[in-house]
Amino acid sequence: MSDMNEQRRQFLKTSVGAAAVAVAPGMLMFDMARGDTEPVSSKVRWGMLINTENCADCDKCVKACNKENGLSGGLSPTDSQWIRKVELKDMRTERSLALPMMCQHCEEPPCVDVCPTGASFKRADGIVLVDKHLCIGCRYCMMACPYKARSFVHEPLHDQKPDVPRGKGTVESCTMCVQRVDAGKIPACAEACPNKSILFGNLNDPDSEVAKKIRTVASTQIRADLGLDTGLRYQGL
Amino acid sequence: MANHSPMLFRTRLYYALLAAGGLVAMMGLYAAHMMEEHGHIITGMNNQVVWGMPHVFAIFMIVAASGVLNIASIGSVFGKAVYKGRAPLAGMLSIALLAGGLTVLMLDLGRADRIIVAATNFNLTSVFAWNIVLYSGLFTFVALYMWTLLERRMNRWIKPAGLVVFTWRIILTTGTGLIFAFLVARQAYDSAILPPMFLVMSFTWGLAVFHVVQSAMYTWNNRIQDPVILNRMKVLLGIFVLGTLYLVAVYHMTNLYFAKQTAFEHFILVSGGIYPWMFWAGYVVLGSLLPLLLIYHPSLGKPKFVVLASLMVILGAFALLYVFIVGGQAFPLDIFPGYEVTSSFGDGQIGQYQPSLYEFLLGFGGLAIAFLITTVGVHALNFMPPQDQPRTEYK
């Protein structure tokens with residue numbers, strides 16, 4: 001009888017030991033992968049000031065975005081375009097210009113208002129995102145967005161970037177490269193711009209470069225009449 | 001109701017109808033499966049025209065589901081005796097149409113498998129989320145209402161139940177109109193007239209569907225509709241058709257008056273290719289003027305002309321919804337007022353949309369589901385209006 005108890009004790013010891021050895025590295029990696037768990041704060045409002053002066057012959061921001069976020073770069077009406085170059089001509093004066101167009105990261109985003117499940121959401125720091133686990137693919141946000149900033153994933157995806165989740169049947173748009181911003185870097189488009197015409201920073205910090213510049217140069221929000229208080233402003237429009 | 005003679009229904013025809021409806025419904029499910037498998041790339045929808053043919057079918061059915069209850073409301077809420085006997089059929093048609101419409105809407109989702117997410121995560125600012133509550137509420141309230149109609153012991157609750165259904169469906173169709181009315185940046189939508197317009201459209205389309213089903217039932221039972229009642233219901237359809245025409249005209253007139261909207265109106269009414277054609281030939285002539293002629297011409301009062309007028313109204317409804325939903329999206333967003341715009345993403349260009357076969361299959365699949373529920377309902381329960389002449393109350 002006591003022999004059997006001894007065996008049982010031994011068996012339990014071995015099992016617990018083996019389980020600990022199996023689980024420990026996983027726990028360690030989980031902790032590492034989780035990284036900085038500090039929540040984002042509304043003290044920060046990320047935004048951009050885009051100077052349209054140098055945009056005429058350049059599309060480096062578009063290419064950088066596609067590369068960073070694993071987009072195909074295809075231009076068919078069913079392909080995703082998170083950022084696009086728009087050519088404008090004033091109908092009265094015939095003045096021409098070009099600019100990069102993407103999600104304007106509104107303070108009052110219509111896409112967030114209309115989303116039935118709350119998949120479209122705005123982070124405390126002003127970045128507007130789509131939760132890929134909650135999006136049911138109804139496309140109401142695409143109807144509501146005044147900037148045509150959103151794309152619907154029409155086809156199965158392959159070779160996605162690990163830190164840029166996407167999914168067939170869901171809606172997506174510019175994330176302001178949230179994976180880079182959270183790692184202390186600037187968005188890919190801003191980094192790629194050869195003329196430093198995309199100025200990224202914290203609009204709430206009066207000492208940030210972007211906030212200083214907005215105070216000194218004339219800039220506009222697109223469709224400011226809608227009162228959405230966009231996080232992106234344009235210079236030279 | 002229990003001691004009415006069971007409905008005469010030719011058995012062979014019944015099973016043939018079930019088989020036909022079942023086949024179309026299966027094809028709809030096949031289309032949904034293909035869309036699930038391959039993504040929306042196999043439809044004609046794209047990043048500019050994001051809602052297409054499935055939404056035309058779904059919104060028609062959902063709007064008609066609300067409007068068909070008019071027959072019930074006129075009987076139960078406003079006390080008109082000849083409509084009371086028709087209330088159960090109206091209730092069942094409402095459930096059938098709502099089921100068909102919602103099936104299409106859900107199966108068109110990019111992630112139809114996540115419908116449970118829509119049921120468990122509510123964004124209270126979303127008119128879409130409100131509509132989820134409104135639709136499930138309508139199912140429940142109409143079911144309760146039908147219980148009060150069909151179960152004699154519950155008859156005394158008919159009026160309150162009818163009143164709840166009446167109020168609920170007015171709110172529901174307002175909600176459907178608001179889905180579009182809240183789209184502030186779209187020239188075609190952003191308008192407070194849309195909810196009342198949807199409401200009157202629902203009266204028209206619901207009554208047209210009711211006429212078609214009622215006539216089919218009378219034919220299969222070898223019974224003839226009372227000409228006085230038919231005339232009354234026919235004239236009611238005419239008034240609703242005129243009402244819809246009026247609101248559609250006001251919607252376009254207000255847009256025409258705003259300088260910023262004239263380009264859009266020119267596109268929809270004159271230069272937009274298929275859209276003006278469908279608007280004028282499909283909705284105005286086929287869907288409104290010809291039915292009005294059939295309804296009001298003194299020598300055309302027969303039941304078959306009423307059915308013909310109703311079918312034309314239904315076709316006109318599809319034409320109007322196509323122009324409203326697809327045409328409204330095809331016209332580019334005015335992101336930079338005062339500028340000519342071009343880009344790789346269709347800015348400043350008319351959006352292209354060619355509905356694919358799968359979209360039609362899905363849409364007809366939804367209609368087939370409504371048809372199946374109606375056929376089985378009519379077969380299993382007694383929805384034949386009691387003889388119309390004696391204008392008695394419920395016993």
# chains A, B, ... in the order shown; residues from 1 in each chain; ligands from 1
call {"tool": "interface_residues", "arguments": {"of": "chain B", "to": "chain A", "cutoff": "7 Å", "atoms": "only C-alpha atoms", "output": "NGL selection string"}}
result
:B and (38-41 or 46-47 or 50 or 109-112 or 114 or 117-118 or 121-123 or 125-129 or 183 or 185 or 335 or 338-345)
call {"tool": "write_last_selection", "arguments": {"atoms": "C-alpha atoms", "output": "compact mmCIF listing (two decimals), in the first residue's frame"}}
result
# COMPACT_ATOMS: atom_id res chain seq x y z
CA HIS B 38 -14.00 33.71 -52.40
CA GLY B 39 -14.86 37.05 -50.81
CA HIS B 40 -16.84 39.87 -52.36
CA ILE B 41 -14.55 39.86 -55.36
CA ASN B 46 -16.21 47.49 -54.88
CA ASN B 47 -14.70 50.21 -52.73
CA VAL B 50 -20.08 49.21 -51.40
CA LEU B 109 -21.92 40.73 -44.70
CA GLY B 110 -18.19 40.39 -45.20
CA ARG B 111 -18.16 38.20 -42.11
CA ALA B 112 -21.62 36.62 -42.05
CA ARG B 114 -19.89 36.79 -37.01
CA VAL B 117 -20.97 39.62 -32.69
CA ALA B 118 -23.63 41.99 -34.04
CA ASN B 121 -21.84 44.09 -29.22
CA PHE B 122 -24.03 47.15 -29.47
CA ASN B 123 -22.73 50.57 -30.35
CA THR B 125 -24.73 55.63 -31.44
CA SER B 126 -25.20 53.41 -34.49
CA VAL B 127 -28.53 53.54 -36.30
CA PHE B 128 -27.60 50.09 -37.64
CA ALA B 129 -27.47 48.75 -34.09
CA LEU B 183 -24.90 59.92 -44.09
CA ALA B 185 -21.25 63.60 -46.54
CA ILE B 335 -14.33 65.81 -50.88
CA GLY B 338 -14.67 73.61 -56.19
CA TYR B 339 -11.90 71.34 -57.48
CA GLU B 340 -11.65 68.88 -60.33
CA VAL B 341 -10.28 65.71 -58.80
CA THR B 342 -8.54 62.58 -60.06
CA SER B 343 -6.81 59.72 -58.29
CA SER B 344 -6.09 56.00 -58.45
CA PHE B 345 -9.02 55.38 -56.06
call {"tool": "closest_residue", "arguments": {"among": "B:Leu105, B:Arg186, B:Phe203, B:Ile170", "to": "Met53 of chain B", "atoms": "only C-alpha atoms"}}
result
B:Leu105
call {"tool": "select_by_dssp", "arguments": {"residues": "segment 1-195 of chain A", "states": "strand (DSSP E or B)", "output": "ChimeraX atom specification"}}
result
/A:46-51,83-90,96-102,120-122,128-130,151-152,171-172
call {"tool": "atom_distance", "arguments": {"atom1": "atom CA of Gly363 of chain B", "atom2": "atom CA of Ser136 of chain B"}}
result
20.7 Å
call {"tool": "residues_around", "arguments": {"residues": "segment 315-320 of chain B", "least_positions_apart": "3", "cutoff": "9 Å", "atoms": "only C-alpha atoms", "output": "PyMOL selection string"}}
result
chain B and resi 56-57+60+201+205+275+278-279+281-288+310-312+323-325
call {"tool": "residues_around", "arguments": {"residues": "segment 122-128 of chain A", "least_positions_apart": "5", "cutoff": "6 Å", "atoms": "only C-alpha atoms", "output": "short mmCIF file (atom, residue, chain, number, x, y, z; two decimals) with C-alpha atoms, in the first residue's frame"}}
result
data_model
loop_
_atom_site.label_atom_id
_atom_site.label_comp_id
_atom_site.auth_asym_id
_atom_site.auth_seq_id
_atom_site.Cartn_x
_atom_site.Cartn_y
_atom_site.Cartn_z
CA SER A 41 -3.46 58.52 -23.01
CA SER A 42 -5.73 61.29 -24.17
CA VAL A 44 -1.59 62.89 -26.58
CA ARG A 45 -3.39 63.59 -29.84
CA TRP A 46 -1.46 62.29 -32.77
CA HIS A 105 -8.35 60.54 -37.89
#
call {"tool": "closest_residue", "arguments": {"among": "A:Ala192, A:Ala19, A:Leu71, A:Ala24", "to": "Cys174 of chain A", "atoms": "only C-alpha atoms"}}
result
A:Leu71
call {"tool": "closest_residue", "arguments": {"among": "B:Val250, B:Ile224, B:Leu199, B:Val77", "to": "Ile158 of chain B", "atoms": "only C-alpha atoms"}}
result
B:Val77
call {"tool": "decode", "arguments": {"residues": "segment 37-76 of chain A", "atoms": "N, CA and C atoms", "output": "compact mmCIF listing (two decimals), in the first residue's frame"}}
result
# COMPACT_ATOMS: atom_id res chain seq x y z
N THR A 37 2.78 47.64 -21.65
CA THR A 37 1.34 47.49 -21.48
C THR A 37 0.67 48.77 -21.00
N GLU A 38 1.43 49.84 -20.96
CA GLU A 38 0.84 51.10 -20.50
C GLU A 38 -0.23 51.57 -21.49
N PRO A 39 -1.41 51.92 -21.00
CA PRO A 39 -2.45 52.35 -21.95
C PRO A 39 -2.13 53.68 -22.60
N VAL A 40 -2.70 53.89 -23.80
CA VAL A 40 -2.48 55.18 -24.46
C VAL A 40 -3.29 56.24 -23.70
N SER A 41 -2.85 57.48 -23.83
CA SER A 41 -3.46 58.52 -23.01
C SER A 41 -4.04 59.62 -23.89
N SER A 42 -5.13 60.21 -23.40
CA SER A 42 -5.73 61.29 -24.17
C SER A 42 -4.95 62.60 -24.01
N LYS A 43 -3.87 62.54 -23.25
CA LYS A 43 -3.01 63.74 -23.19
C LYS A 43 -2.32 63.95 -24.53
N VAL A 44 -2.22 62.83 -25.26
CA VAL A 44 -1.59 62.89 -26.58
C VAL A 44 -2.69 62.92 -27.64
N ARG A 45 -2.54 63.76 -28.65
CA ARG A 45 -3.39 63.59 -29.84
C ARG A 45 -2.47 63.58 -31.05
N TRP A 46 -2.33 62.40 -31.61
CA TRP A 46 -1.46 62.29 -32.77
C TRP A 46 -2.11 62.97 -33.98
N GLY A 47 -1.30 63.65 -34.75
CA GLY A 47 -1.81 64.32 -35.94
C GLY A 47 -0.70 64.58 -36.94
N MET A 48 -1.08 65.17 -38.05
CA MET A 48 -0.11 65.44 -39.11
C MET A 48 -0.39 66.79 -39.74
N LEU A 49 0.67 67.42 -40.17
CA LEU A 49 0.53 68.60 -41.02
C LEU A 49 1.19 68.25 -42.35
N ILE A 50 0.42 68.32 -43.43
CA ILE A 50 0.95 67.91 -44.73
C ILE A 50 1.12 69.14 -45.62
N ASN A 51 2.35 69.37 -46.03
CA ASN A 51 2.63 70.49 -46.93
C ASN A 51 2.53 69.98 -48.36
N THR A 52 1.55 70.51 -49.11
CA THR A 52 1.29 69.96 -50.44
C THR A 52 2.23 70.51 -51.52
N GLU A 53 3.12 71.41 -51.15
CA GLU A 53 3.95 72.10 -52.14
C GLU A 53 4.81 71.17 -52.99
N ASN A 54 5.32 70.10 -52.34
CA ASN A 54 6.28 69.25 -53.03
C ASN A 54 5.71 67.93 -53.51
N CYS A 55 4.38 67.84 -53.55
CA CYS A 55 3.77 66.53 -53.82
C CYS A 55 3.65 66.20 -55.31
N ALA A 56 3.86 67.17 -56.17
CA ALA A 56 3.52 66.99 -57.59
C ALA A 56 4.13 65.74 -58.21
N ASP A 57 5.43 65.55 -58.08
CA ASP A 57 6.05 64.43 -58.81
C ASP A 57 6.48 63.30 -57.89
N CYS A 58 5.78 63.10 -56.82
CA CYS A 58 6.28 62.15 -55.82
C CYS A 58 5.14 61.28 -55.31
N ASP A 59 5.40 59.97 -55.15
CA ASP A 59 4.41 59.12 -54.49
C ASP A 59 5.11 58.17 -53.51
N LYS A 60 6.18 58.66 -52.94
CA LYS A 60 6.96 57.80 -52.03
C LYS A 60 6.16 57.41 -50.79
N CYS A 61 5.28 58.31 -50.33
CA CYS A 61 4.47 57.98 -49.14
C CYS A 61 3.56 56.79 -49.41
N VAL A 62 2.99 56.76 -50.63
CA VAL A 62 2.08 55.67 -50.99
C VAL A 62 2.85 54.35 -51.00
N LYS A 63 4.01 54.36 -51.62
CA LYS A 63 4.82 53.14 -51.71
C LYS A 63 5.25 52.67 -50.31
N ALA A 64 5.64 53.62 -49.48
CA ALA A 64 6.10 53.26 -48.14
C ALA A 64 4.97 52.65 -47.32
N CYS A 65 3.78 53.21 -47.47
CA CYS A 65 2.61 52.69 -46.75
C CYS A 65 2.33 51.25 -47.17
N ASN A 66 2.31 51.02 -48.49
CA ASN A 66 2.02 49.67 -48.99
C ASN A 66 3.04 48.67 -48.44
N LYS A 67 4.31 49.09 -48.41
CA LYS A 67 5.37 48.19 -47.95
C LYS A 67 5.22 47.92 -46.44
N GLU A 68 5.04 48.97 -45.69
CA GLU A 68 4.97 48.83 -44.24
C GLU A 68 3.79 47.95 -43.82
N ASN A 69 2.65 48.13 -44.51
CA ASN A 69 1.44 47.46 -44.07
C ASN A 69 1.09 46.22 -44.88
N GLY A 70 1.97 45.85 -45.80
CA GLY A 70 1.76 44.62 -46.55
C GLY A 70 0.62 44.69 -47.54
N LEU A 71 0.34 45.87 -48.10
CA LEU A 71 -0.72 46.01 -49.11
C LEU A 71 -0.15 45.66 -50.47
N SER A 72 -1.03 45.18 -51.35
CA SER A 72 -0.54 44.71 -52.65
C SER A 72 -0.09 45.86 -53.55
N GLY A 73 -0.65 47.04 -53.35
CA GLY A 73 -0.33 48.15 -54.24
C GLY A 73 -1.18 48.14 -55.50
N GLY A 74 -2.08 47.16 -55.60
CA GLY A 74 -2.97 47.08 -56.76
C GLY A 74 -3.92 48.28 -56.81
N LEU A 75 -4.33 48.66 -58.01
CA LEU A 75 -5.14 49.87 -58.17
C LEU A 75 -6.54 49.60 -58.69
N SER A 76 -6.98 48.35 -58.65
CA SER A 76 -8.34 48.08 -59.13
C SER A 76 -9.34 48.57 -58.09
